[in-house]
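S.K.: Next up is a structure, given as structure tokens.
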Protein chains: 2
Amino acid sequence: MSASQPERGRSHQPTIKEVARLAGVSPMTASRTLNGGLNVRPDLQERVMAAVRELGYQRNENARSLRPGQPSGLIGIAITNLANPYYGSFALGVEEVAAEHGRRIILGNTGEDAGRERQLVSDFIGRQVDGLILVPTSGDSAHLRPERLGDMPLVLASRRVPGLEADTVLLDDVGGAYRGTISLLDAGHTRIGFLGNRSSVFTGERRYRGFEQAMSERGVAIDPAIVARDQQDVDAARRAARAMLDRPDAPTAIFSANNRNTIGALREIGRRIHDGLPGPRPSIVSFDDFELSELMPVPVTVIDHDGRRLGREAATLLFTRLTGDGDMPARTVELPVTVEFPRPGERA
Amino acid sequence: MSASQPERGRSHQPTIKEVARLAGVSPMTASRTLNGGLNVRPDLQERVMAAVRELGYQRNENARSLRPGQPSGLIGIAITNLANPYYGSFALGVEEVAAEHGRRIILGNTGEDAGRERQLVSDFIGRQVDGLILVPTSGDSAHLRPERLGDMPLVLASRRVPGLEADTVLLDDVGGAYRGTISLLDAGHTRIGFLGNRSSVFTGERRYRGFEQAMSERGVAIDPAIVARDQQDVDAARRAARAMLDRPDAPTAIFSANNRNTIGALREIGRRIHDGLPGPRPSIVSFDDFELSELMPVPVTVIDHDGRRLGREAATLLFTRLTGDGDMPARTVELPVTVEFPRPGERA
DNA sequence: CTGTTAGCGCGTTCAG
DNA sequence: CTGAACGCGCTAACAG
């Protein structure tokens with residue numbers, strides 16, 4: 001009962017040696033049996049398996065992968081915000097494909113912090129992961145350069161990293177934003193506001209580009225007074241929407257580049273309706289789907305996409321590289337998005 | 001260029017030996033330096049650190065934890081559905097606390113499948129995790145019994161496992177459901193429907209109990225004809241809501257025991273409003289919050305709770321056990337929920 | 001078909 | 001203060 005030692009019972013995970021001893025064979029025979037039983041007499045295999053069951057033996061995967069070249073069976077994932085349902089689905093997609101390949105995932109949340117991303121990647125490498133999948137932050141990315149990563153396979157998701165060649169899965173941000181904007185123009189809107197996130201974020205930039213393309217293609221001018229591109233959370237989005245809608249020349253429609261901005265805009269619109277304020281009730285086009293969008297008090301068109309599928313594609317890209325030629329050129333997969341109108345016959 | 005071997009460049013993660021050689025010291029001196037530098041001359045430490053930087057050395061955490069008793073720094077988490085935003089937040093909460101303790105998480109998705117849970121737990125043990133956090137499935141749980149788990153610390157979240165004593169974090173399901181139901185009764189409703197998930201699911205059972213308590217306390221009978229407790233997805237929930245609302249004696253309010261049922265019910269209500277169908281526009285009380293609930297066409301009261309906090313509590317419970325006495329009795333933490341009314345002055 | 005030897009990267013133990 | 005030897009659990013490579 002010494003107080004200094006934690007003295008946890010640590011009921012000692014059985015080792016392959018103990019299995020072998022109990023089965024009356026050498027550790028090598030036990031090992032072979034556990035790895036498929038090639039060149040082991042059936043009766044010995046029986047005895048080994050019996051011992052395994054009796055002892056509740058679990059192979060130590062860490063020891064197994066100690067030998068260089070042996071895969072650890074671990075995939076490291078770093079994402080920016082696990083609480084975002086979209087990235088939750090993304091992680092699920094990766095997990096599924098990883099599991100199909102007998103791999104497990106180590107997951108870290110960066111919170112958009114490049115320093116944290118660096119730590120995570122470093123730790124992942126220290127744990128000998130077989131590959132890395134990440135939604136990169138927009139900060140410094142020196143830790144992702146080939147000279148730091150060696151030949152560790154890396155897949156980027158959702159965003160690119162400037163100057164870094166790596167397998168990448170993206171959404172069709174530009175096309176989706178373009179089509180969503182066109183649907184507003186088709187419905188006769190000419191005064192269209194834009195809510196987005198910091199343009200330093202890759203997707204923010206691309207979605208604005210799609211918006212811009214559609215507007216210029218139709219010869220509709222973009223009024224900078226109703227373009228707000230710096231909102232990262234719902235409250236900021238709400239304030240931006242409010243400022244726009246308070247103008248005498250308020251927009252009759254708003255393009256929102258992501259979920260946070262959409263929620264903020266709709267909260268503001270809801271308040272105005274509830275308070276009986278005058279002014280337009282703008283239609284919304286929202287990049288990112290959300291549930292019950294069809295029950296909103298204004299028409300909401302969503303640009304929908306599948307986070308789980310993005311995750312599955314990212315993992316597939318990784319495993320293709322893991323099993324194939326490590327030197328093949330970097331590939332980019334761009335997943336389609338769908339534009340969904342509120343209800344049949346009731347476009348924005 | 002032999003075709004049979006993968007022949008990955010594998011630019012060989014540097015080892016501590018190489019660091020030592022480059023620094024002109026023994027591996028032991030390098031090791032000591034990396035572990036705090038106790039009893040190592042400052043100038044040697046300098047040289048070692050320089051070599052580390054030059055080689056981009058990363059300590060092999062797997063090898064480090066090979067020695068029995070050494071923690072792996074890994075926490076295994078198995079949850080039922082990562083795509084559910086609530087569990088995404090939960091995972092985030094766990095990840096945060098784990099990171100604060102210098103641990104990493106291995107994450108697996110069970111999809112409510114007990115067999116998959118068993119595999120995951122087994123794999124986690126094989127990877128020498130320091131502890132396990134799981135949202136248990138409702139199936140067979142033999143693999144969680146102490147005789148199988150040894151003294152591996154285990155924390156259960158959201159649900160209990162029958163007959164298993166383990167640290168547990170729960171929501172105040174009963175109290176929340178009770179208070180939500182009371183709010184409906186206070187508003188004058190007497191005909192209240194119930195939508196829930198399989199009662200075999202722990203939370204489903206508890207939430208029904210809270211509903212029942214409130215109803216019986218107020219002397220309002222529960223009509224089994226408007227109680228549906230077997231919906232696991234939105235479509236099933238919608239059908240159940242439809243059946244209730246098609247009745248001549250349709251409920252004037254509905255208690256929904258979880259997010260999936262709430263969405264289904266609201267979709268059905270939205271359809272009826274849109275199609276101009278007659279009948280009541282029932283108020284909703286929803287266990288589980290969702291965004292923009294205040295913009296719904298019927299009043300929605302939500303019973304809100306914080307998945308991230310649940311995750312943080314679960315991890316805290318685990319680390320308390322890891323650092324403290326492993327033999328302390330199992331503890332249960334029950335987190336409060338808040339009942340939030342639609343808009344000030346407009347109760348359901 | 002089976003067993004022995006050796007070594008993966010690291011850190012504890014013990015000897016200088 | 002520093003280094004050499006040993007062993008953690010496991011499995012290629014090499015006997016037998």
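Chain lettering (A, B, ...) mirrors the order of the structure tokens, residue numbering begins at 1 for each chain separately, and ligand numbering begins at 1 in order of display.
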Would you list the contacts of A:Leu120 as a PyMOL selection string, taking every protein, DNA or RNA residue within 12 Å and counting only C-alpha atoms (C1' of nucleotides), but skipping same-chain residues closer than 6 positions in sequence?
M.R.: (chain A and resi 76-80+106-111+113-114+126-127+129+132-134+136+143-144) or (chain B and resi 95+99+102-105)
S.K.: Any chance you could list, as a count of residues only, the residues in stretch 16-236 of chain A that come up alpha helix (DSSP H) when DSSP is run on the backbone?
M.R.: 100
S.K.: When DSSP works through the backbone of this structure, what residues of stretch 85-307 of chain A end up as strand (DSSP E or B), shown as a PyMOL selection string?
M.R.: chain A and resi 104-109+131-134+154-157+167-171+192-195+227-228+253-256+283-287+300-304
S.K.: Between atom CA of B:Pro248 and atom CA of B:Ile303, what is the distance in Å, rounded to a tenth?
M.R.: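 Separation of atom CA of B:Pro248 and atom CA of B:Ile303: 28.9 Å.
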S.K.: Listing only residues of chain A within 9 Å of chain D, what is the closest atom pair and its distance in Å (to one decimal) for each, using only C-alpha atoms (C1' of nucleotides), sorted by chain and residue number ascending, as CSV?
M.R.:
residue,atom,partner,partner_atom,distance
A:Thr15,CA,D:DG9,C1',6.9
A:Ile16,CA,D:DG9,C1',7.4
A:Lys17,CA,D:DG9,C1',8.6
A:Met28,CA,D:DT11,C1',7.6
A:Ser31,CA,D:DT11,C1',7.3
A:Arg32,CA,D:DT11,C1',8.7
A:Arg59,CA,D:DG9,C1',8.6
A:Asn60,CA,D:DG9,C1',6.7
A:Glu61,CA,D:DC10,C1',8.9
A:Asn62,CA,D:DG9,C1',8.5
A:Ala63,CA,D:DG9,C1',5.3
A:Arg64,CA,D:DC10,C1',5.2
A:Ser65,CA,D:DC10,C1',8.5
A:Leu66,CA,D:DC10,C1',8.3
A:Arg67,CA,D:DT11,C1',8.6
S.K.: Pick out the residues sitting within 10 Å of B:Pro278, and hand them over as number ranges by chain; count only C-alpha atoms (C1' of nucleotides), and ignore anything fewer than 3 positions along from it in its own chain.
M.R.: B: 245-246, 272-273, 275, 281
S.K.: Please write the residues from the selection above to a file, keeping C-alpha atoms, as an mmCIF file, in the first residue's frame.
M.R.:
data_model
loop_
_atom_site.group_PDB
_atom_site.id
_atom_site.type_symbol
_atom_site.label_atom_id
_atom_site.label_comp_id
_atom_site.auth_asym_id
_atom_site.auth_seq_id
_atom_site.Cartn_x
_atom_site.Cartn_y
_atom_site.Cartn_z
ATOM 1 C CA LEU B 245 -52.812 14.323 -37.299
ATOM 2 C CA ASP B 246 -55.157 12.522 -39.680
ATOM 3 C CA ARG B 272 -50.368 20.338 -44.184
ATOM 4 C CA ILE B 273 -50.078 24.082 -43.963
ATOM 5 C CA ASP B 275 -51.538 22.089 -48.842
ATOM 6 C CA ARG B 281 -51.562 23.140 -36.071
#
S.K.: Fewer than 4 positions away in the same chain doesn't count, so skip those; otherwise give me all residues within 10 Å of stretch 163-173 of chain B, counting only C-alpha atoms (C1' of nucleotides), as a ChimeraX atom specification.
M.R.: /B:133-135,141-142,144-146,153-159,177-178,202-211,257,287,303,305-307,310-315,317-318,321,329-338
S.K.: In Å, with one decimal, what is the gap from atom CA of B:Phe255 to atom CA of B:Phe194?
M.R.: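 Result for atom CA of B:Phe255 versus atom CA of B:Phe194: 4.8 Å, one decimal.
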S.K.: Pick out the chain C residues within 9 Å of chain A. Count only C-alpha atoms (C1' of nucleotides). Give them as a list of chain:residue names.
M.R.: C:DC1, C:DT2, C:DG3, C:DG7, C:DC8, C:DG9
S.K.: Put those residues in a file: N, CA and C atoms (P, O5', C5', C4', C3', O3' and C1' of nucleotides), as an mmCIF file, in the first residue's frame.
M.R.:
data_model
loop_
_atom_site.group_PDB
_atom_site.id
_atom_site.type_symbol
_atom_site.label_atom_id
_atom_site.label_comp_id
_atom_site.auth_asym_id
_atom_site.auth_seq_id
_atom_site.Cartn_x
_atom_site.Cartn_y
_atom_site.Cartn_z
ATOM 1 P P DC C 1 2.128 -28.232 -44.080
ATOM 2 O "O5'" DC C 1 3.093 -28.144 -42.845
ATOM 3 C "C5'" DC C 1 2.691 -28.335 -41.525
ATOM 4 C "C4'" DC C 1 3.956 -28.359 -40.726
ATOM 5 C "C3'" DC C 1 3.998 -27.343 -39.575
ATOM 6 O "O3'" DC C 1 3.761 -28.064 -38.384
ATOM 7 C "C1'" DC C 1 6.103 -27.570 -40.668
ATOM 8 P P DT C 2 3.431 -27.317 -37.089
ATOM 9 O "O5'" DT C 2 4.813 -26.786 -36.558
ATOM 10 C "C5'" DT C 2 5.633 -27.668 -35.790
ATOM 11 C "C4'" DT C 2 6.956 -27.019 -35.526
ATOM 12 C "C3'" DT C 2 6.902 -25.836 -34.570
ATOM 13 O "O3'" DT C 2 7.342 -26.307 -33.318
ATOM 14 C "C1'" DT C 2 8.456 -25.523 -36.373
ATOM 15 P P DG C 3 7.271 -25.327 -32.041
ATOM 16 O "O5'" DG C 3 8.764 -24.759 -32.017
ATOM 17 C "C5'" DG C 3 9.847 -25.679 -31.936
ATOM 18 C "C4'" DG C 3 11.158 -24.964 -32.182
ATOM 19 C "C3'" DG C 3 11.412 -23.782 -31.223
ATOM 20 O "O3'" DG C 3 12.738 -23.899 -30.735
ATOM 21 C "C1'" DG C 3 11.708 -23.112 -33.475
ATOM 22 P P DG C 7 20.856 -8.065 -35.054
ATOM 23 O "O5'" DG C 7 19.712 -6.971 -35.236
ATOM 24 C "C5'" DG C 7 18.805 -7.060 -36.332
ATOM 25 C "C4'" DG C 7 17.564 -6.293 -35.980
ATOM 26 C "C3'" DG C 7 17.842 -5.009 -35.172
ATOM 27 O "O3'" DG C 7 17.125 -3.957 -35.751
ATOM 28 C "C1'" DG C 7 16.204 -6.292 -34.107
ATOM 29 P P DC C 8 17.558 -2.497 -35.495
ATOM 30 O "O5'" DC C 8 16.163 -1.766 -35.704
ATOM 31 C "C5'" DC C 8 15.376 -1.978 -36.859
ATOM 32 C "C4'" DC C 8 13.928 -1.781 -36.490
ATOM 33 C "C3'" DC C 8 13.715 -0.593 -35.561
ATOM 34 O "O3'" DC C 8 13.388 0.557 -36.348
ATOM 35 C "C1'" DC C 8 12.463 -2.554 -34.858
ATOM 36 P P DG C 9 14.157 1.887 -36.139
ATOM 37 O "O5'" DG C 9 13.556 2.382 -34.762
ATOM 38 C "C5'" DG C 9 12.229 2.895 -34.720
ATOM 39 C "C4'" DG C 9 11.966 3.418 -33.342
ATOM 40 C "C3'" DG C 9 12.961 4.467 -32.847
ATOM 41 O "O3'" DG C 9 12.214 5.511 -32.255
ATOM 42 C "C1'" DG C 9 12.889 2.651 -31.329
#
S.K.: Using only C-alpha atoms, which of the listed residues (B:Gly56, B:Pro297, B:Leu292, B:Ala91) sits closest to A:Ala265?
M.R.: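 Smallest distance to A:Ala265 is found for B:Leu292.
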S.K.: What does the structure give for the distance between atom CA of A:Arg21 and atom C1' of C:DT5, in Å to one decimal?
M.R.: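 Between atom CA of A:Arg21 and atom C1' of C:DT5 the gap is 18.6 Å.
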S.K.: So that I can check the surroundings of A:Ala237, please list as number ranges by chain every protein, DNA and RNA residue that reaches within 10 Å of it, counting only C-alpha atoms (C1' of nucleotides) and ignoring chain neighbours fewer than 5 positions away.
M.R.: A: 195-197, 228-232, 242-243, 256, 260-268
S.K.: Measuring between only C-alpha atoms, which one of B:Val285, B:Ala221, B:Val302, B:Leu92 shows the shortest distance to chain A?
M.R.: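 Comparing B:Val285, B:Ala221, B:Val302, B:Leu92 against chain A, the winner is B:Leu92.
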